[in-house]
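Student: Okay, handing you the structure first.
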Amino acid sequence: MTEPEASAKRIRLTGSRFDGGRLPVDYLIELERYQNAIRSFAEHEWLRDHPGESLPADFRDSVSLVIEDIEDGSAEIVLVFEQTAIHQEYREQAQDAIDSTIEAAYQGTTLPELPDDVEDEVRGTIAELGSTLQVGQSMVLYSADADEPPVTITIDTRPAAAGRLILQDFLSEPPLTAASGVTHEETSMVARVTVVDAERKRFELNSEKYGRILGRYAGNPEILDSLREVVNSTSDGPLTRIYGDLRSKDGEPWGFWTTSRIERIEFDDTAWGRALTSFVTLPSGWADGRGEQISSIALDAAQQLLRQVDVQIRPPSLAPTEEGGVLLEWITPSGIRSVEILEDGLFELFSMRTGERRGTQTETRNLKDAVRFAKEDET
């Protein structure tokens, strides 16, 4: 194995799958994450030093890594920069910042400060390092300083480090020392937006069930206008459904790591409007561990239908369905009539007269047809 250059990064992947120096394609993404973190930081620093200028055409190549060598045994890789002569100061500064952040996250020490504009992206990328590892595998990152111990990433060490990176990023408080219960999923939540920080591309929510929830929208800046429309520091602010990657710790949501879109939710000030409002706040698992969130499509369709039916003469009963829809039902001496609105907006129409043993059921996606069906028995 040739002597690596000073800026080379030595990474060792251990586990039976890497025996004989094999490097499965699935694991190349780990090397790409390391490269992306360096590249993001370097590009930010260059643009800060050259306001109003475009990034040089050769800059991306100057912070591109290549695999120079793979040693026999478990896969031991040496990464070097593809070009070494240009933009060297930015490349070296970026690599030092990324390596220092990785070491601090896994050693439990104070994370180094990063520029606000790139902090979220860099820490998020580093938090994902090692996410492809399985039981019995590790990713060992060696320091350029031979006296410094290497960083070992496994499925056991990664959760706490990722938690420090993400939780400290959200909260202006000391990082949590143990974050093994951190999970994330693409989902949505209904809450009220109480604070918007446009400079740091963050916001705060108030959830009736969970209290204060943090959010970020760095990867989706066009959401800012929508946030400004709904932000209200009081409890009277409009309900808003937020979609994105929700991070939780020990089962309790604490923040949206990314936000894909938001929807303002408004219902009429009526008895059925208040019922729909209660449905919209139901979290996943609301029915004894079952029960999908009630979809915005179903809720909006229910409101549109109820506006056109004389609920004073024939008030319906309303109920959420476990599949994420809304059920409207009228029970009178003459029989039963119901409209179930599925999560995708399909109307299932059912009626059965008193004395009949079987009812009739049809489907439609036409709101006018559903309204006509619901009004057939109005007197």
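Residue numbers start at 1 in each chain; chains themselves are named A, B, ... in the order of the structure tokens; ligands are numbered from 1 in the order shown.
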Considering only C-alpha atoms, give me a table of residues in region 96-155 of chain A that are at most 10 Å from region 39-49 of chain A, with the closest atom pair and distance in Å for each, as a tab-separated table.
Tutor:
```
residue	atom	partner	partner_atom	distance
A:Ala97	CA	A:Phe41	CA	8.1
A:Ile98	CA	A:Phe41	CA	8.2
A:Leu114	CA	A:Phe41	CA	8.7
A:Pro115	CA	A:His44	CA	8.5
A:Asp117	CA	A:His44	CA	7.9
A:Val118	CA	A:Phe41	CA	6.6
A:Glu119	CA	A:Phe41	CA	8.6
A:Glu121	CA	A:Ser40	CA	7.7
A:Val122	CA	A:Ser40	CA	6.9
A:Thr125	CA	A:Ser40	CA	9.7
```
Student: What's the 12 Å shell around region 339-356 of chain A, counting only C-alpha atoms, without same-chain residues fewer than 3 positions away, as JSON, numbers by chain?
Tutor: {"A": [291, 292, 293, 294, 295, 296, 297, 298, 299, 300, 301, 302, 303, 304, 305, 306, 316, 317, 318, 319, 320, 321, 322, 323, 324, 325, 326, 327, 328, 329, 330, 331, 332, 333, 334, 335, 336, 359, 360, 361, 362, 363, 364, 365, 366, 367, 368, 369, 370, 371, 372, 373, 374, 375, 376, 377]}
Student: As a PyMOL selection string, please: all residues of region 185-362 of chain A that backbone DSSP puts in strand (DSSP E or B).
Tutor: chain A and resi 185-197+202-207+211-216+239-249+252-265+287+290+317-320+326-332+335-341+347-353+360-362
Student: Go through A:Ile213, A:Val135, A:Ile126, A:Leu141 one by one, measure the shortest atom-to-atom distance of each to Arg247 (chain A) using only C-alpha atoms, and give the residue with the smallest value.
Tutor: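 Nearest to Arg247 (chain A): A:Ile213.
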Student: Counting only C-alpha atoms, which of A:Leu65, A:Val80, A:Val190, A:Ile86 gets nearest to Glu266 (chain A)?
Tutor: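 Nearest to Glu266 (chain A): A:Val190.
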Student: Identify all residues of region 170-287 of chain A in helix (DSSP H, G or I) (DSSP on the backbone) and supply them as a PyMOL selection string.
Tutor: chain A and resi 170+223-230+271-280
Student: With only C-alpha atoms as the counted atoms, please give the residues lying no more than 10 Å from Leu23 (chain A), apart from itself and same-chain residues fewer than 6 positions off, as a VMD selection string.
Tutor: chain A and resid 13 17 70 74 to 77
Student: Just all heavy atoms for this one: save the residues we selected as an mmCIF file, in the first residue's frame.
Tutor:
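Listed below is the output, selection-v5.cif:
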```
data_model
loop_
_atom_site.group_PDB
_atom_site.id
_atom_site.type_symbol
_atom_site.label_atom_id
_atom_site.label_comp_id
_atom_site.auth_asym_id
_atom_site.auth_seq_id
_atom_site.Cartn_x
_atom_site.Cartn_y
_atom_site.Cartn_z
ATOM 1 N N LEU A 13 -13.854 -0.437 6.776
ATOM 2 C CA LEU A 13 -15.155 -1.074 6.959
ATOM 3 C C LEU A 13 -14.921 -2.502 7.415
ATOM 4 O O LEU A 13 -14.216 -3.275 6.737
ATOM 5 C CB LEU A 13 -15.947 -1.047 5.657
ATOM 6 C CG LEU A 13 -16.371 0.353 5.181
ATOM 7 C CD1 LEU A 13 -16.819 0.320 3.729
ATOM 8 C CD2 LEU A 13 -17.478 0.920 6.067
ATOM 9 N N ARG A 17 -18.990 -9.080 5.480
ATOM 10 C CA ARG A 17 -19.332 -8.683 4.112
ATOM 11 C C ARG A 17 -18.186 -7.958 3.418
ATOM 12 O O ARG A 17 -18.152 -7.847 2.196
ATOM 13 C CB ARG A 17 -20.572 -7.788 4.128
ATOM 14 C CG ARG A 17 -21.204 -7.667 2.735
ATOM 15 C CD ARG A 17 -22.491 -6.920 2.751
ATOM 16 N NE ARG A 17 -23.074 -6.859 1.421
ATOM 17 C CZ ARG A 17 -24.092 -6.107 1.069
ATOM 18 N NH1 ARG A 17 -24.666 -5.336 1.965
ATOM 19 N NH2 ARG A 17 -24.550 -6.112 -0.165
ATOM 20 N N ILE A 70 -7.556 0.156 -1.898
ATOM 21 C CA ILE A 70 -8.323 -0.687 -0.983
ATOM 22 C C ILE A 70 -7.409 -1.821 -0.556
ATOM 23 O O ILE A 70 -6.918 -2.589 -1.380
ATOM 24 C CB ILE A 70 -9.597 -1.255 -1.636
ATOM 25 C CG1 ILE A 70 -10.516 -0.117 -2.084
ATOM 26 C CG2 ILE A 70 -10.330 -2.167 -0.663
ATOM 27 C CD1 ILE A 70 -11.801 -0.589 -2.736
ATOM 28 N N SER A 74 -10.479 -6.793 5.719
ATOM 29 C CA SER A 74 -11.675 -5.965 5.713
ATOM 30 C C SER A 74 -11.378 -4.736 4.869
ATOM 31 O O SER A 74 -10.246 -4.301 4.762
ATOM 32 C CB SER A 74 -12.055 -5.570 7.141
ATOM 33 O OG SER A 74 -12.497 -6.704 7.857
ATOM 34 N N ALA A 75 -12.396 -4.172 4.265
ATOM 35 C CA ALA A 75 -12.193 -3.090 3.296
ATOM 36 C C ALA A 75 -11.592 -1.865 3.971
ATOM 37 O O ALA A 75 -12.262 -1.170 4.728
ATOM 38 C CB ALA A 75 -13.517 -2.749 2.630
ATOM 39 N N GLU A 76 -10.324 -1.613 3.718
ATOM 40 C CA GLU A 76 -9.650 -0.421 4.219
ATOM 41 C C GLU A 76 -9.373 0.475 3.029
ATOM 42 O O GLU A 76 -8.649 0.110 2.100
ATOM 43 C CB GLU A 76 -8.363 -0.768 4.953
ATOM 44 C CG GLU A 76 -7.738 0.450 5.614
ATOM 45 C CD GLU A 76 -6.739 0.072 6.699
ATOM 46 O OE1 GLU A 76 -6.925 -0.977 7.348
ATOM 47 O OE2 GLU A 76 -5.794 0.840 6.889
ATOM 48 N N ILE A 77 -9.964 1.664 3.066
ATOM 49 C CA ILE A 77 -9.999 2.540 1.902
ATOM 50 C C ILE A 77 -9.188 3.789 2.183
ATOM 51 O O ILE A 77 -9.201 4.335 3.294
ATOM 52 C CB ILE A 77 -11.462 2.949 1.596
ATOM 53 C CG1 ILE A 77 -12.326 1.701 1.420
ATOM 54 C CG2 ILE A 77 -11.551 3.857 0.378
ATOM 55 C CD1 ILE A 77 -13.774 1.941 1.768
#
```
Student: Which of these, A:Leu111, A:Leu129, A:Ala275, A:Val63, has the shortest distance to Tyr34 (chain A) once you count only C-alpha atoms?
Tutor: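 Smallest separation from Tyr34 (chain A) among the options: A:Leu129.
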Student: Measure the distance from CA of Leu31 (chain A) to CA of Gln88 (chain A) in Å and round it to one decimal.
Tutor: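 We find that CA of Leu31 (chain A) and CA of Gln88 (chain A) lie 20.2 Å from each other.
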Student: Would you list the contacts of Asn206 (chain A) as a list in words, taking every protein, DNA or RNA residue within 6 Å and counting only C-alpha atoms, but skipping same-chain residues closer than 3 positions in sequence?
Tutor: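 The neighbour list is Ala191, Arg192, Gly211 and Arg212 of chain A.
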Student: Counting only C-alpha atoms, figure out which residue out of A:Arg228, A:Lys201, A:Arg241, A:Arg12 gets nearest to Val78 (chain A).
Tutor: A:Arg12
Student: Taking into account only C-alpha atoms, which residue in the set A:Ala218, A:Val193, A:Leu282, A:Ile11 is nearest to Ile262 (chain A)?
Tutor: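 Between A:Ala218, A:Val193, A:Leu282, A:Ile11, the residue approaching Ile262 (chain A) most closely is A:Val193.
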Student: Enter the distance from CA of Ala287 (chain A) to CA of Glu185 (chain A), in Å, rounded to one decimal.
Tutor: 19.7 Å
Student: To one decimal place in Å, what is the distance between CA of Leu165 (chain A) and CA of Pro253 (chain A)?
Tutor: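 CA of Pro253 (chain A) lies 16.4 Å from CA of Leu165 (chain A).
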Student: Have a look at A:Ala94, A:Ile29, A:Ala104, A:Leu227 and name the one nearest to Thr259 (chain A); count only C-alpha atoms.
Tutor: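 Ranked by minimum distance to Thr259 (chain A), first place goes to A:Leu227.
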Student: What lies within 12 Å of Ile242 (chain A) using only C-alpha atoms, ignoring chain neighbours under 3 positions off, as a VMD selection string?
Tutor: chain A and resid 186 to 193 203 to 207 213 to 217 223 226 to 227 230 239 245 to 246 255 to 265 280 to 281 296
Student: Any chance you can output those residues with N, CA and C atoms as an mmCIF file, in the first residue's frame?
Tutor:
```
data_model
loop_
_atom_site.group_PDB
_atom_site.id
_atom_site.type_symbol
_atom_site.label_atom_id
_atom_site.label_comp_id
_atom_site.auth_asym_id
_atom_site.auth_seq_id
_atom_site.Cartn_x
_atom_site.Cartn_y
_atom_site.Cartn_z
ATOM 1 N N GLU A 186 -41.345 9.993 7.624
ATOM 2 C CA GLU A 186 -42.067 10.955 6.800
ATOM 3 C C GLU A 186 -43.536 10.910 7.211
ATOM 4 N N THR A 187 -44.019 12.011 7.760
ATOM 5 C CA THR A 187 -45.386 12.034 8.261
ATOM 6 C C THR A 187 -45.876 13.473 8.293
ATOM 7 N N SER A 188 -46.989 13.706 8.951
ATOM 8 C CA SER A 188 -47.506 15.065 9.096
ATOM 9 C C SER A 188 -48.042 15.247 10.503
ATOM 10 N N MET A 189 -48.189 16.501 10.889
ATOM 11 C CA MET A 189 -48.709 16.837 12.210
ATOM 12 C C MET A 189 -49.526 18.115 12.090
ATOM 13 N N VAL A 190 -50.580 18.202 12.864
ATOM 14 C CA VAL A 190 -51.398 19.412 12.898
ATOM 15 C C VAL A 190 -51.069 20.182 14.167
ATOM 16 N N ALA A 191 -50.711 21.440 13.998
ATOM 17 C CA ALA A 191 -50.352 22.289 15.131
ATOM 18 C C ALA A 191 -50.526 23.745 14.718
ATOM 19 N N ARG A 192 -50.124 24.650 15.590
ATOM 20 C CA ARG A 192 -50.160 26.080 15.284
ATOM 21 C C ARG A 192 -48.735 26.616 15.199
ATOM 22 N N VAL A 193 -48.431 27.357 14.144
ATOM 23 C CA VAL A 193 -47.106 27.956 13.974
ATOM 24 C C VAL A 193 -47.045 29.211 14.841
ATOM 25 N N PHE A 203 -38.685 27.305 12.475
ATOM 26 C CA PHE A 203 -39.956 27.759 13.017
ATOM 27 C C PHE A 203 -40.308 26.912 14.231
ATOM 28 N N GLU A 204 -41.287 27.396 14.987
ATOM 29 C CA GLU A 204 -41.755 26.662 16.157
ATOM 30 C C GLU A 204 -43.247 26.414 16.026
ATOM 31 N N LEU A 205 -43.675 25.285 16.557
ATOM 32 C CA LEU A 205 -45.080 24.893 16.544
ATOM 33 C C LEU A 205 -45.559 24.684 17.966
ATOM 34 N N ASN A 206 -46.861 24.827 18.144
ATOM 35 C CA ASN A 206 -47.481 24.455 19.405
ATOM 36 C C ASN A 206 -48.517 23.373 19.118
ATOM 37 N N SER A 207 -48.251 22.174 19.628
ATOM 38 C CA SER A 207 -49.148 21.039 19.432
ATOM 39 C C SER A 207 -49.946 20.808 20.708
ATOM 40 N N ILE A 213 -42.861 22.164 19.446
ATOM 41 C CA ILE A 213 -42.191 21.348 18.443
ATOM 42 C C ILE A 213 -41.358 22.281 17.559
ATOM 43 N N LEU A 214 -40.152 21.882 17.235
ATOM 44 C CA LEU A 214 -39.276 22.679 16.383
ATOM 45 C C LEU A 214 -39.381 22.230 14.937
ATOM 46 N N GLY A 215 -39.023 23.100 14.014
ATOM 47 C CA GLY A 215 -39.030 22.738 12.595
ATOM 48 C C GLY A 215 -37.991 23.516 11.826
ATOM 49 N N ARG A 216 -37.568 22.973 10.691
ATOM 50 C CA ARG A 216 -36.622 23.663 9.816
ATOM 51 C C ARG A 216 -37.081 23.480 8.372
ATOM 52 N N TYR A 217 -36.754 24.460 7.559
ATOM 53 C CA TYR A 217 -37.155 24.382 6.156
ATOM 54 C C TYR A 217 -36.012 24.821 5.243
ATOM 55 N N ILE A 223 -41.313 27.758 1.372
ATOM 56 C CA ILE A 223 -42.319 27.576 2.417
ATOM 57 C C ILE A 223 -42.447 28.823 3.290
ATOM 58 N N SER A 226 -45.686 30.775 3.075
ATOM 59 C CA SER A 226 -46.814 30.066 3.692
ATOM 60 C C SER A 226 -46.740 30.139 5.208
ATOM 61 N N LEU A 227 -45.539 30.059 5.758
ATOM 62 C CA LEU A 227 -45.384 30.160 7.207
ATOM 63 C C LEU A 227 -45.802 31.539 7.710
ATOM 64 N N VAL A 230 -49.518 31.986 8.332
ATOM 65 C CA VAL A 230 -50.197 31.281 9.432
ATOM 66 C C VAL A 230 -49.583 31.538 10.798
ATOM 67 N N LEU A 239 -54.949 26.491 12.664
ATOM 68 C CA LEU A 239 -54.375 25.153 12.623
ATOM 69 C C LEU A 239 -53.679 24.953 11.285
ATOM 70 N N ASP A 245 -40.081 15.286 7.462
ATOM 71 C CA ASP A 245 -39.348 14.244 8.188
ATOM 72 C C ASP A 245 -39.362 14.610 9.669
ATOM 73 N N LEU A 246 -40.233 13.946 10.421
ATOM 74 C CA LEU A 246 -40.417 14.259 11.834
ATOM 75 C C LEU A 246 -39.490 13.389 12.682
ATOM 76 N N GLY A 255 -39.130 17.560 16.585
ATOM 77 C CA GLY A 255 -38.828 18.495 15.506
ATOM 78 C C GLY A 255 -38.926 17.917 14.115
ATOM 79 N N PHE A 256 -39.268 18.788 13.159
ATOM 80 C CA PHE A 256 -39.242 18.421 11.749
ATOM 81 C C PHE A 256 -37.852 18.730 11.209
ATOM 82 N N TRP A 257 -37.128 17.684 10.852
ATOM 83 C CA TRP A 257 -35.778 17.857 10.309
ATOM 84 C C TRP A 257 -35.850 18.487 8.920
ATOM 85 N N THR A 258 -36.831 18.077 8.129
ATOM 86 C CA THR A 258 -37.116 18.743 6.858
ATOM 87 C C THR A 258 -38.625 18.974 6.779
ATOM 88 N N THR A 259 -39.019 19.994 6.048
ATOM 89 C CA THR A 259 -40.434 20.306 5.859
ATOM 90 C C THR A 259 -40.718 20.351 4.367
ATOM 91 N N SER A 260 -41.637 19.527 3.903
ATOM 92 C CA SER A 260 -41.925 19.462 2.469
ATOM 93 C C SER A 260 -43.045 20.415 2.065
ATOM 94 N N ARG A 261 -44.068 20.576 2.921
ATOM 95 C CA ARG A 261 -45.130 21.531 2.622
ATOM 96 C C ARG A 261 -45.985 21.747 3.865
ATOM 97 N N ILE A 262 -46.779 22.809 3.844
ATOM 98 C CA ILE A 262 -47.716 23.066 4.931
ATOM 99 C C ILE A 262 -49.067 23.433 4.339
ATOM 100 N N GLU A 263 -50.124 23.142 5.088
ATOM 101 C CA GLU A 263 -51.489 23.442 4.650
ATOM 102 C C GLU A 263 -52.248 24.108 5.786
ATOM 103 N N ARG A 264 -52.834 25.247 5.489
ATOM 104 C CA ARG A 264 -53.677 25.908 6.475
ATOM 105 C C ARG A 264 -55.018 25.182 6.543
ATOM 106 N N ILE A 265 -55.523 24.970 7.757
ATOM 107 C CA ILE A 265 -56.762 24.225 7.946
ATOM 108 C C ILE A 265 -57.800 25.137 8.574
ATOM 109 N N VAL A 280 -59.014 16.540 12.764
ATOM 110 C CA VAL A 280 -57.757 16.889 12.113
ATOM 111 C C VAL A 280 -56.570 16.792 13.069
ATOM 112 N N THR A 281 -56.827 16.918 14.359
ATOM 113 C CA THR A 281 -55.736 16.859 15.331
ATOM 114 C C THR A 281 -55.401 15.439 15.785
ATOM 115 N N SER A 296 -56.407 15.444 4.684
ATOM 116 C CA SER A 296 -56.937 16.770 4.363
ATOM 117 C C SER A 296 -57.971 16.681 3.250
#
```
